[in-house]
Amino acid sequence: MDWLALPRGTERIPCGALVVDLDTGQVGVLQDVTPYVPPWRGDQRPCPTAFVRPVGGGREWTVPPERLRVVRRDRG
């Protein structure tokens, strides 16, 4: 098993998609999913990490990609 592989189901979320962070309820735009080790965690192996930016701009946050879901908007 590849320890850098994206969690099942998240590999199909394209960058630029509107997503909701299931941990916080925040909605944002997916910027990237990449192997990452936060600097405050010290010397550890990287893990897949999603970078999400608030709609309209602002400070990005990180979340495990398996905790994201695409937001579906009704067409109207």
# chains A, B, ... in the order shown; residues from 1 in each chain; ligands from 1

$ residues_around --residues "Asp23 of chain A" --least-positions-apart "5" --cutoff "9 Å" --atoms "only C-alpha atoms" --output "PyMOL selection string"
chain A and resi 63+67-68

$ select_by_dssp --residues "segment 31-70 of chain A" --states "strand (DSSP E)" --output "list in words"
Gln31, Asp32, Val33, Thr34, Pro35, Tyr36, Cys47, Pro48, Thr49, Ala50, Phe51, Val52, Arg53, Pro54, Trp61, Thr62, Val63, Leu68, Arg69 and Val70 of chain A

$ closest_residue --among "A:Val52, A:Cys47, A:Val70, A:Ile13" --to "Val29 of chain A" --atoms "only C-alpha atoms"
A:Val52

$ residues_around --residues "Pro64 of chain A" --least-positions-apart "4" --cutoff "7 Å" --atoms "only C-alpha atoms" --output "list in words"
Pro48, Thr49 and Ala50 of chain A

$ closest_residue --among "A:Thr62, A:Pro35, A:Gly57, A:Val71" --to "Leu18 of chain A" --atoms "only C-alpha atoms"
A:Val71
